[in-house]
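For reference, upload-v2.cif is printed below; it contains mmCIF, C-alpha atoms.
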```cif
data_upload
loop_
_atom_site.label_atom_id
_atom_site.label_comp_id
_atom_site.auth_asym_id
_atom_site.auth_seq_id
_atom_site.Cartn_x
_atom_site.Cartn_y
_atom_site.Cartn_z
CA MET Y 30 0.00 0.00 0.00
CA SER Y 31 1.39 3.36 -1.07
CA ASN Y 32 0.66 5.82 1.72
CA GLU Y 33 1.60 9.10 0.04
CA LYS Y 34 -1.62 9.74 -1.86
CA TYR Y 35 -3.69 8.90 1.22
CA ILE Y 36 -1.61 11.20 3.40
CA SER Y 37 -2.04 13.95 0.78
CA LEU Y 38 -5.79 13.34 0.90
CA ARG Y 39 -5.76 13.71 4.68
CA HIS Y 40 -3.87 17.00 4.43
CA GLU Y 41 -6.34 18.32 1.83
CA LEU Y 42 -9.25 17.42 4.09
CA HIS Y 43 -7.45 19.14 6.97
CA ARG Y 44 -7.08 22.34 4.95
CA ASN Y 45 -10.78 22.33 4.12
CA ALA Y 46 -12.17 21.60 7.60
CA GLU Y 47 -15.94 22.14 7.89
CA LEU Y 48 -18.40 22.17 10.78
CA SER Y 49 -21.22 19.68 11.34
CA GLY Y 50 -23.87 19.79 8.64
CA ARG Y 51 -21.72 21.93 6.32
CA GLU Y 52 -19.35 19.28 4.93
CA SER Y 53 -19.93 20.06 1.21
CA LYS Y 54 -16.27 20.62 0.25
CA THR Y 55 -15.23 17.58 2.27
CA ILE Y 56 -17.76 15.41 0.42
CA LYS Y 57 -16.60 16.68 -2.97
CA ILE Y 58 -12.93 16.04 -2.15
CA LEU Y 59 -13.68 12.49 -1.03
CA ILE Y 60 -15.99 11.60 -3.94
CA ASP Y 61 -13.52 13.00 -6.49
CA PHE Y 62 -10.73 10.99 -4.86
CA LEU Y 63 -12.71 7.74 -4.87
CA ARG Y 64 -13.81 8.18 -8.48
CA GLU Y 65 -10.20 8.69 -9.52
CA ASN Y 66 -8.58 6.00 -7.37
CA SER Y 67 -11.14 3.25 -6.74
CA ASP Y 68 -13.67 1.09 -8.55
CA CYS Y 69 -16.40 1.77 -5.97
CA GLU Y 70 -19.94 2.72 -6.80
CA ILE Y 71 -20.73 6.12 -5.25
CA PHE Y 72 -24.12 7.00 -3.76
CA PRO Y 73 -24.50 10.69 -2.79
CA GLN Y 74 -27.13 11.33 -0.10
CA ASP Y 75 -28.47 14.46 1.54
CA GLY Y 76 -25.41 15.83 3.35
CA TRP Y 77 -23.37 12.58 3.28
CA PHE Y 78 -22.57 9.68 0.98
CA TYR Y 79 -21.57 6.06 0.86
CA ALA Y 80 -19.46 3.97 -1.49
CA LEU Y 81 -20.00 0.30 -2.32
CA LYS Y 82 -18.02 -2.68 -3.54
CA ARG Y 83 -20.28 -5.55 -4.50
CA GLY Y 84 -19.27 -9.08 -3.63
CA GLY Y 85 -20.86 -12.05 -1.90
CA GLU Y 86 -24.08 -12.25 0.10
CA ARG Y 87 -22.45 -11.22 3.38
CA LYS Y 88 -22.73 -7.45 3.79
CA LEU Y 89 -20.40 -5.40 6.01
CA ALA Y 90 -20.18 -1.68 6.63
CA PHE Y 91 -17.35 0.60 7.78
CA ARG Y 92 -17.89 4.20 8.84
CA ALA Y 93 -15.87 7.42 9.09
CA ASP Y 94 -17.03 10.81 10.35
CA MET Y 95 -16.29 13.99 8.35
CA ASP Y 96 -16.97 17.07 10.49
CA ALA Y 97 -14.50 19.38 12.24
CA LEU Y 98 -14.63 21.57 15.36
CA PRO Y 99 -14.97 25.33 16.05
CA ILE Y 100 -11.42 25.39 17.44
CA SER Y 101 -8.45 27.44 16.22
CA GLU Y 102 -5.38 25.31 15.64
CA SER Y 103 -1.92 26.17 16.89
CA PRO Y 104 0.23 27.95 14.26
CA GLY Y 105 2.89 26.22 12.22
CA CYS Y 106 0.99 23.42 10.47
CA PRO Y 107 1.97 23.38 6.74
CA TYR Y 108 -1.53 22.20 5.76
CA ALA Y 109 -3.42 24.42 8.23
CA SER Y 110 -7.15 24.94 7.93
CA ILE Y 111 -8.23 27.69 5.54
CA ASP Y 112 -10.88 28.71 8.06
CA LEU Y 113 -8.94 29.99 11.08
CA ASN Y 114 -11.86 29.22 13.42
CA VAL Y 115 -12.50 25.63 12.28
CA SER Y 116 -10.09 22.70 12.46
CA HIS Y 117 -9.84 18.91 12.57
CA ARG Y 118 -8.85 18.74 16.24
CA CYS Y 119 -10.60 15.40 16.67
CA GLY Y 120 -8.94 13.58 13.77
CA HIS Y 121 -11.95 13.07 11.51
CA ASP Y 122 -9.75 14.04 8.55
CA GLY Y 123 -7.68 10.94 9.37
CA HIS Y 124 -10.76 8.76 9.80
CA CYS Y 125 -12.00 9.76 6.33
CA ALA Y 126 -8.59 9.36 4.68
CA ALA Y 127 -8.28 5.89 6.20
CA LEU Y 128 -11.74 4.79 5.03
CA ALA Y 129 -11.09 6.18 1.54
CA ALA Y 130 -7.77 4.32 1.45
CA PHE Y 131 -9.54 1.14 2.51
CA ALA Y 132 -12.14 1.63 -0.23
CA CYS Y 133 -9.29 1.83 -2.75
CA GLU Y 134 -7.39 -1.15 -1.33
CA CYS Y 135 -10.30 -3.46 -0.34
CA ARG Y 136 -10.30 -6.86 -2.07
CA SER Y 137 -12.91 -8.61 0.06
CA ASP Y 138 -15.14 -11.39 -1.24
CA ASN Y 139 -18.00 -9.80 0.72
CA THR Y 140 -20.15 -6.82 -0.19
CA VAL Y 141 -18.63 -3.83 1.60
CA TYR Y 142 -20.23 -0.44 2.32
CA PHE Y 143 -18.07 2.59 3.10
CA ILE Y 144 -20.15 5.18 5.01
CA PHE Y 145 -18.84 8.76 5.07
CA GLN Y 146 -20.96 10.34 7.78
CA HIS Y 147 -21.69 13.98 8.51
CA SER Y 148 -22.45 15.71 11.83
CA GLU Y 149 -20.88 13.43 14.41
CA GLU Y 150 -19.87 16.21 16.78
CA ASN Y 151 -23.49 17.17 17.50
CA GLY Y 152 -24.79 13.60 17.49
CA GLN Y 153 -27.04 14.07 14.45
CA GLY Y 154 -25.33 12.28 11.57
CA ALA Y 155 -25.48 8.63 12.58
CA ARG Y 156 -29.22 8.81 13.23
CA GLU Y 157 -29.75 9.55 9.53
CA CYS Y 158 -27.07 7.23 8.14
CA ALA Y 159 -28.18 4.28 10.30
CA LYS Y 160 -31.32 3.93 8.17
CA LEU Y 161 -29.09 2.54 5.43
CA LEU Y 162 -28.24 -0.55 7.49
CA LYS Y 163 -31.72 -2.09 7.53
CA LYS Y 164 -32.57 -0.80 4.05
CA GLU Y 165 -29.58 -2.62 2.53
CA GLY Y 166 -29.66 -5.64 4.84
CA ILE Y 167 -26.17 -4.98 6.20
CA GLY Y 168 -25.12 -7.53 8.84
CA GLU Y 169 -22.21 -5.91 10.70
CA ILE Y 170 -20.62 -2.48 11.08
CA TYR Y 171 -17.22 -1.28 12.35
CA GLY Y 172 -15.60 2.05 13.06
CA PHE Y 173 -12.62 3.47 14.95
CA HIS Y 174 -11.34 6.55 16.73
CA ASN Y 175 -7.74 7.64 17.26
CA LEU Y 176 -6.85 7.68 20.96
CA PRO Y 177 -4.11 9.92 22.41
CA GLY Y 178 -2.39 8.57 25.51
CA PHE Y 179 -1.93 5.06 24.10
CA GLU Y 180 0.94 3.44 22.21
CA LYS Y 181 0.93 4.50 18.58
CA SER Y 182 -0.91 2.05 16.26
CA LYS Y 183 -2.01 -0.19 19.12
CA ILE Y 184 -5.53 -1.57 18.56
CA LEU Y 185 -7.72 -0.91 21.60
CA TYR Y 186 -10.94 -2.88 22.06
CA ARG Y 187 -13.59 -3.12 24.75
CA TYR Y 188 -16.53 -5.36 25.49
CA GLY Y 189 -19.74 -3.60 26.49
CA THR Y 190 -19.70 0.21 26.46
CA PHE Y 191 -16.81 1.68 24.46
CA ALA Y 192 -17.93 5.33 24.75
CA CYS Y 193 -20.40 6.83 27.22
CA ALA Y 194 -23.89 8.11 26.59
CA SER Y 195 -24.32 11.84 27.20
CA MET Y 196 -26.64 14.79 26.80
CA GLY Y 197 -26.68 18.51 27.42
CA LEU Y 198 -29.34 19.99 29.70
CA GLU Y 199 -30.30 23.65 29.46
CA LEU Y 200 -32.28 24.41 32.63
CA ARG Y 201 -34.19 27.71 32.58
CA PHE Y 202 -35.61 29.58 35.58
CA LYS Y 203 -37.87 32.62 35.24
CA GLY Y 204 -38.83 34.63 38.30
CA ARG Y 205 -39.40 38.38 38.42
CA SER Y 206 -36.87 41.19 38.40
CA SER Y 207 -37.06 44.17 40.75
CA HIS Y 208 -35.10 47.22 41.83
CA ALA Y 209 -31.89 46.06 43.51
CA ALA Y 210 -32.78 48.22 46.54
CA TYR Y 211 -36.02 46.27 46.98
CA PRO Y 212 -35.17 42.63 46.15
CA GLU Y 213 -38.16 41.45 48.20
CA ASN Y 214 -40.41 42.79 45.44
CA GLY Y 215 -38.93 40.37 42.92
CA ILE Y 216 -38.31 36.66 42.60
CA ASN Y 217 -34.59 36.04 42.13
CA PRO Y 218 -33.62 32.52 40.93
CA ALA Y 219 -30.03 32.77 42.22
CA ARG Y 220 -30.67 30.87 45.49
CA ALA Y 221 -32.54 28.07 43.71
CA ILE Y 222 -29.72 27.61 41.20
CA ALA Y 223 -27.11 27.67 43.99
CA GLU Y 224 -28.98 25.00 45.96
CA ILE Y 225 -29.27 22.85 42.82
CA LEU Y 226 -25.53 23.12 42.20
CA ILE Y 227 -24.75 22.04 45.77
CA SER Y 228 -27.09 19.03 45.50
CA LEU Y 229 -25.98 17.64 42.11
CA ASP Y 230 -23.37 15.12 43.25
CA GLY Y 231 -25.82 13.40 45.57
CA LEU Y 232 -28.03 12.48 42.62
CA LYS Y 233 -25.59 9.75 41.49
CA ARG Y 234 -26.16 7.62 44.58
CA ASP Y 235 -26.64 3.87 44.03
CA PHE Y 236 -25.42 3.95 40.40
CA LYS Y 237 -23.54 0.81 39.33
CA ALA Y 238 -21.40 2.38 36.61
CA MET Y 239 -19.49 5.58 35.88
CA SER Y 240 -21.57 8.76 35.68
CA LEU Y 241 -20.54 12.41 35.56
CA ILE Y 242 -22.24 15.80 35.85
CA THR Y 243 -20.30 18.76 34.41
CA VAL Y 244 -21.41 22.36 34.87
CA VAL Y 245 -20.75 24.06 31.53
CA GLY Y 246 -22.48 27.39 32.18
CA VAL Y 247 -24.35 29.46 34.76
CA GLN Y 248 -26.06 32.75 33.99
CA VAL Y 249 -28.23 34.76 36.40
CA GLY Y 250 -29.58 38.20 35.54
CA GLY Y 251 -27.62 40.79 33.60
CA LYS Y 252 -25.10 43.61 34.04
CA ALA Y 253 -27.41 46.26 35.55
CA PHE Y 254 -26.33 46.75 39.17
CA GLY Y 255 -29.60 48.48 39.93
CA THR Y 256 -31.68 45.42 39.04
CA SER Y 257 -32.19 42.22 41.04
CA ALA Y 258 -32.07 39.23 38.69
CA GLY Y 259 -35.35 37.80 37.45
CA ASP Y 260 -34.15 34.89 35.34
CA GLY Y 261 -31.31 32.39 35.12
CA ILE Y 262 -29.96 29.50 33.08
CA LEU Y 263 -27.96 26.50 34.28
CA ARG Y 264 -26.27 24.38 31.61
CA LEU Y 265 -25.07 20.87 32.43
CA THR Y 266 -23.55 18.02 30.47
CA ILE Y 267 -24.34 14.63 31.95
CA ARG Y 268 -22.76 11.37 30.85
CA GLY Y 269 -22.72 7.75 31.89
CA GLU Y 270 -21.51 4.29 30.97
CA LEU Y 271 -25.07 2.94 31.06
CA GLU Y 272 -27.78 4.69 29.07
CA ALA Y 273 -30.46 3.58 31.55
CA GLU Y 274 -28.62 5.23 34.44
CA LEU Y 275 -28.11 8.39 32.39
CA THR Y 276 -31.87 8.59 31.83
CA LEU Y 277 -32.45 8.15 35.57
CA LEU Y 278 -29.88 10.86 36.33
CA LYS Y 279 -31.67 13.24 33.96
CA GLU Y 280 -35.00 12.59 35.70
CA ARG Y 281 -33.43 13.17 39.14
CA ILE Y 282 -31.96 16.49 37.99
CA LEU Y 283 -35.30 17.65 36.60
CA ALA Y 284 -37.09 16.64 39.81
CA LEU Y 285 -34.51 18.55 41.87
CA CYS Y 286 -34.96 21.64 39.70
CA ARG Y 287 -38.74 21.55 40.08
CA GLU Y 288 -38.40 21.15 43.85
CA LYS Y 289 -35.93 24.01 44.28
CA ALA Y 290 -37.69 26.30 41.80
CA GLY Y 291 -40.74 26.65 44.03
CA ASN Y 292 -42.73 29.60 42.69
CA ILE Y 293 -40.16 30.23 39.95
CA SER Y 294 -41.17 29.10 36.46
CA PHE Y 295 -38.96 26.20 35.29
CA SER Y 296 -38.40 24.76 31.80
CA TYR Y 297 -35.66 22.75 30.14
CA GLU Y 298 -34.26 21.62 26.79
CA ILE Y 299 -32.12 18.60 25.90
CA ARG Y 300 -29.15 19.34 23.62
CA ASP Y 301 -26.80 17.06 21.66
CA PRO Y 302 -27.96 13.67 23.02
CA PHE Y 303 -25.62 10.74 22.37
CA PRO Y 304 -26.40 7.05 22.98
CA GLU Y 305 -24.00 4.67 24.65
CA THR Y 306 -21.68 3.03 22.13
CA ARG Y 307 -22.27 -0.57 23.18
CA ASN Y 308 -20.23 -3.15 21.29
CA ASN Y 309 -21.41 -6.59 20.26
CA ASP Y 310 -19.32 -9.29 22.00
CA SER Y 311 -18.88 -11.46 18.88
CA CYS Y 312 -17.68 -8.48 16.84
CA VAL Y 313 -15.20 -7.54 19.58
CA ASP Y 314 -14.01 -11.17 19.54
CA ARG Y 315 -13.20 -10.75 15.83
CA ILE Y 316 -11.12 -7.63 16.52
CA LYS Y 317 -9.30 -9.35 19.38
CA THR Y 318 -8.60 -12.50 17.32
CA LEU Y 319 -7.62 -10.84 14.06
CA CYS Y 320 -5.48 -7.99 15.43
CA GLY Y 321 -2.28 -9.22 17.03
CA ASP Y 322 -1.03 -5.97 18.56
CA SER Y 323 -4.12 -5.20 20.63
CA GLU Y 324 -5.10 -4.33 24.18
CA GLU Y 325 -8.38 -4.43 26.12
CA LEU Y 326 -9.54 -1.16 27.64
CA THR Y 327 -10.55 -1.44 31.31
CA HIS Y 328 -12.84 1.62 31.26
CA PRO Y 329 -15.09 3.19 28.63
CA MET Y 330 -14.15 6.47 27.01
CA ARG Y 331 -15.87 9.30 28.88
CA TRP Y 332 -16.57 11.13 25.65
CA SER Y 333 -19.52 10.23 23.46
CA GLU Y 334 -19.72 8.95 19.90
CA ASP Y 335 -22.87 8.73 17.77
CA PHE Y 336 -21.68 5.39 16.36
CA GLY Y 337 -23.95 4.00 19.09
CA TYR Y 338 -26.96 4.64 16.82
CA TYR Y 339 -25.61 2.05 14.34
CA LEU Y 340 -25.10 -0.47 17.13
CA LYS Y 341 -28.76 -0.12 18.12
CA GLU Y 342 -29.66 -1.40 14.64
CA ILE Y 343 -27.20 -4.22 13.91
CA PRO Y 344 -24.20 -6.00 15.52
CA GLY Y 345 -20.89 -4.23 15.29
CA ALA Y 346 -17.97 -2.81 17.21
CA PHE Y 347 -16.16 0.48 17.69
CA PHE Y 348 -12.45 0.32 18.50
CA GLY Y 349 -9.54 2.64 19.13
CA ILE Y 350 -6.15 3.08 17.52
CA GLY Y 351 -3.48 4.57 19.77
CA SER Y 352 -2.09 7.84 18.45
CA GLY Y 353 0.88 8.03 20.82
CA VAL Y 354 1.46 8.14 24.56
CA ASN Y 355 2.57 11.79 24.40
CA CYS Y 356 0.17 12.83 21.65
CA PRO Y 357 -1.78 16.03 22.50
CA GLN Y 358 -5.33 15.38 23.62
CA LEU Y 359 -8.37 15.54 21.34
CA HIS Y 360 -10.20 18.86 20.96
CA THR Y 361 -7.06 20.89 21.71
CA GLY Y 362 -5.30 23.34 19.42
CA ASP Y 363 -2.14 21.21 19.29
CA TYR Y 364 -3.76 17.93 18.24
CA ASP Y 365 -3.15 16.55 14.75
CA PHE Y 366 -4.00 13.07 13.43
CA PRO Y 367 -0.78 11.02 12.98
CA ASP Y 368 -0.47 10.04 9.31
CA GLU Y 369 0.97 6.62 10.23
CA LEU Y 370 -2.41 5.55 11.59
CA ILE Y 371 -3.93 5.48 8.11
CA GLU Y 372 -2.06 2.29 7.27
CA THR Y 373 -2.93 0.74 10.65
CA ALA Y 374 -6.63 1.46 10.12
CA VAL Y 375 -6.64 0.08 6.57
CA ASP Y 376 -4.85 -3.05 7.73
CA THR Y 377 -7.43 -3.61 10.48
CA PHE Y 378 -10.38 -2.96 8.18
CA LYS Y 379 -9.02 -5.46 5.66
CA LYS Y 380 -8.88 -8.16 8.35
CA LEU Y 381 -12.42 -7.43 9.50
CA ALA Y 382 -13.73 -7.49 5.92
CA ARG Y 383 -12.59 -11.06 5.31
#
```

The structure in this file should be written as structure tokens.
Amino acid sequence: MSNEKYISLRHELHRNAELSGRESKTIKILIDFLRENSDCEIFPQDGWFYALKRGGERKLAFRADMDALPISESPGCPYASIDLNVSHRCGHDGHCAALAAFACECRSDNTVYFIFQHSEENGQGARECAKLLKKEGIGEIYGFHNLPGFEKSKILYRYGTFACASMGLELRFKGRSSHAAYPENGINPARAIAEILISLDGLKRDFKAMSLITVVGVQVGGKAFGTSAGDGILRLTIRGELEAELTLLKERILALCREKAGNISFSYEIRDPFPETRNNDSCVDRIKTLCGDSEELTHPMRWSEDFGYYLKEIPGAFFGIGSGVNCPQLHTGDYDFPDELIETAVDTFKKLAR
């Protein structure tokens, strides 16, 4: 396998980083590359596409995500993003380059689908793409993510939950503002929000698996020092290894908010929900058996991955590829997908496609 053209593809994707739902240039680059370098059939969809190599009756799918992040990258990269405020700080450029390389190199006797998915970062893309699985009668699906902090090119697998379920909660409180000299004439939500914040950790009692509540924003009132606040917003991200426990945690938080709100009007909105990415044991067995240089993860990734929507439809597995013990962490300005991982990913995909 000649890596240079696939590395060049990755660098071109990196230069043209696009946010979730806006991946038009990315799609064009990938489709043009596959038409020039592979014998795949190409099927453009609304905001994403898939490629296909027809073979035997057994149907397998492999997926890569295409979107980038609203993060400025550190200076000095020779193939830096054209948009200074958007960059591939999660490595999706590498995921796509690896899947495109696999589509070019795949010689499987099976029928293989190559899914290039949009909008992973906001949890929307896989919901749409997953409809393809049942429509086409696909039997298994695989995907991977690069993992900083682990030996470069090491295959990392896990039975059960690979990546946690999560959701954002925007909790809104509306009381009544008043003159700051007469706060008793208003209804200020500050105390209610403070009491909720103090009580959050106790809501995870009796849970069997990892769960986490992160405060991502608190806003009460405005900048007018003569006005006692009349409204407030508390934003939380909650996550958990078990989707059922995450749902219970959400309900406990909402019950706490209603209790503390009292005569304050309370409403909420769920943002960016992600399912648990729960692997099929038999598919993990295949990864473990076929990949010699591999290691079992003892804990799930705390971050979320919308690949879980595929795994609700058909058997499959999501695995990691180490990107280096000292590699900068994901979603930071210094992170860049290591080009060497393209060959590792293609190699692994080839084994799974047998």

Item to check | Y:Leu185, Y:Leu48, Y:Ala219, Y:Leu198 ranked by distance to Ser296 of chain Y, top pick (using only C-alpha atoms) | outcome: Y:Leu198

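Using only C-alpha atoms for every distance, the candidate list Y:Cys69, Y:Met95, Y:Ala155, Y:Ala132 yields Y:Met95 as the residue closest to Ala46 of chain Y.
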
Next on the checklist: Can you spell out as a ChimeraX atom specification the set of residues that the PyMOL selection byres ((chain Y and resi 50-54) around 12) selects in the structure I just provided?
Outcome noted: /Y:41-49,55-61,73-78,94-98,111,115,121-122,145-155,157

Item to check | Selection dump of the PyMOL selection byres ((chain Y and resi 309-318) around 9), as a ChimeraX atom specification | outcome: /Y:169-171,184-189,307-308,319-325,340,343-348,377,380-381

Next on the checklist: Evaluated on this file, the PyMOL selection byres ((chain Y and resi 127-131) around 7) picks out some residues - which ones are they, written as a ChimeraX atom specification?
Outcome noted: /Y:35,63,93,123-126,132-135,143,371,374-375

Item to check | Distance in Å - atom CA of Gly259 of chain Y versus atom CA of Pro212 of chain Y | outcome: 10.0 Å

Next on the checklist: With 7 Å as the threshold, what does the neighbourhood of (-26.4, 17.8, 26.1) contain in terms of residues, counting all atoms listed in the file? Coordinates are those of the file; answer as number ranges by chain.
Outcome noted: Y: 195-198, 266-267, 299-302

Per residue of segment 289-326 of chain Y within 10 Å of segment 270-273 of chain Y, note the shortest atom pair and the distance in Å to one decimal, counting all atoms listed in the file, and order the rows by chain and increasing residue number, as a tab-separated table.
```
residue	atom	partner	partner_atom	distance
Y:Phe303	CA	Y:Glu272	CA	9.3
Y:Pro304	CA	Y:Glu272	CA	6.7
Y:Glu305	CA	Y:Glu272	CA	5.8
Y:Thr306	CA	Y:Glu270	CA	8.9
Y:Arg307	CA	Y:Leu271	CA	9.1
```

Checklist entry - Can you tell me, as a list in words, what residues are no more than 9 Å from Phe202 of chain Y when counting all atoms listed in the file, ignoring any on the same chain fewer than 3 positions away? => result Pro218, Ala221, Ile222, Gly259, Asp260, Gly261, Ile262, Leu263, Cys286, Ala290, Ile293, Ser294, Phe295, Ser296 and Tyr297 of chain Y

How close does segment 292-383 of chain Y get to segment 237-252 of chain Y? List, as a tab-separated table, each residue of segment 292-383 of chain Y within 10 Å, its nearest atom pair and the distance in Å to one decimal, counting only C-alpha atoms.
```
residue	atom	partner	partner_atom	distance
Y:His328	CA	Y:Met239	CA	9.0
Y:Pro329	CA	Y:Met239	CA	8.8
Y:Arg331	CA	Y:Met239	CA	8.7
```

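As for atom CA of Pro99 of chain Y and atom CA of Trp332 of chain Y, they are spaced 17.2 Å apart.
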
Item to check | Residues within 9 Å of Gly351 of chain Y, all atoms listed in the file, excluding chain neighbours under 2 positions, as a count of residues only | outcome: 16
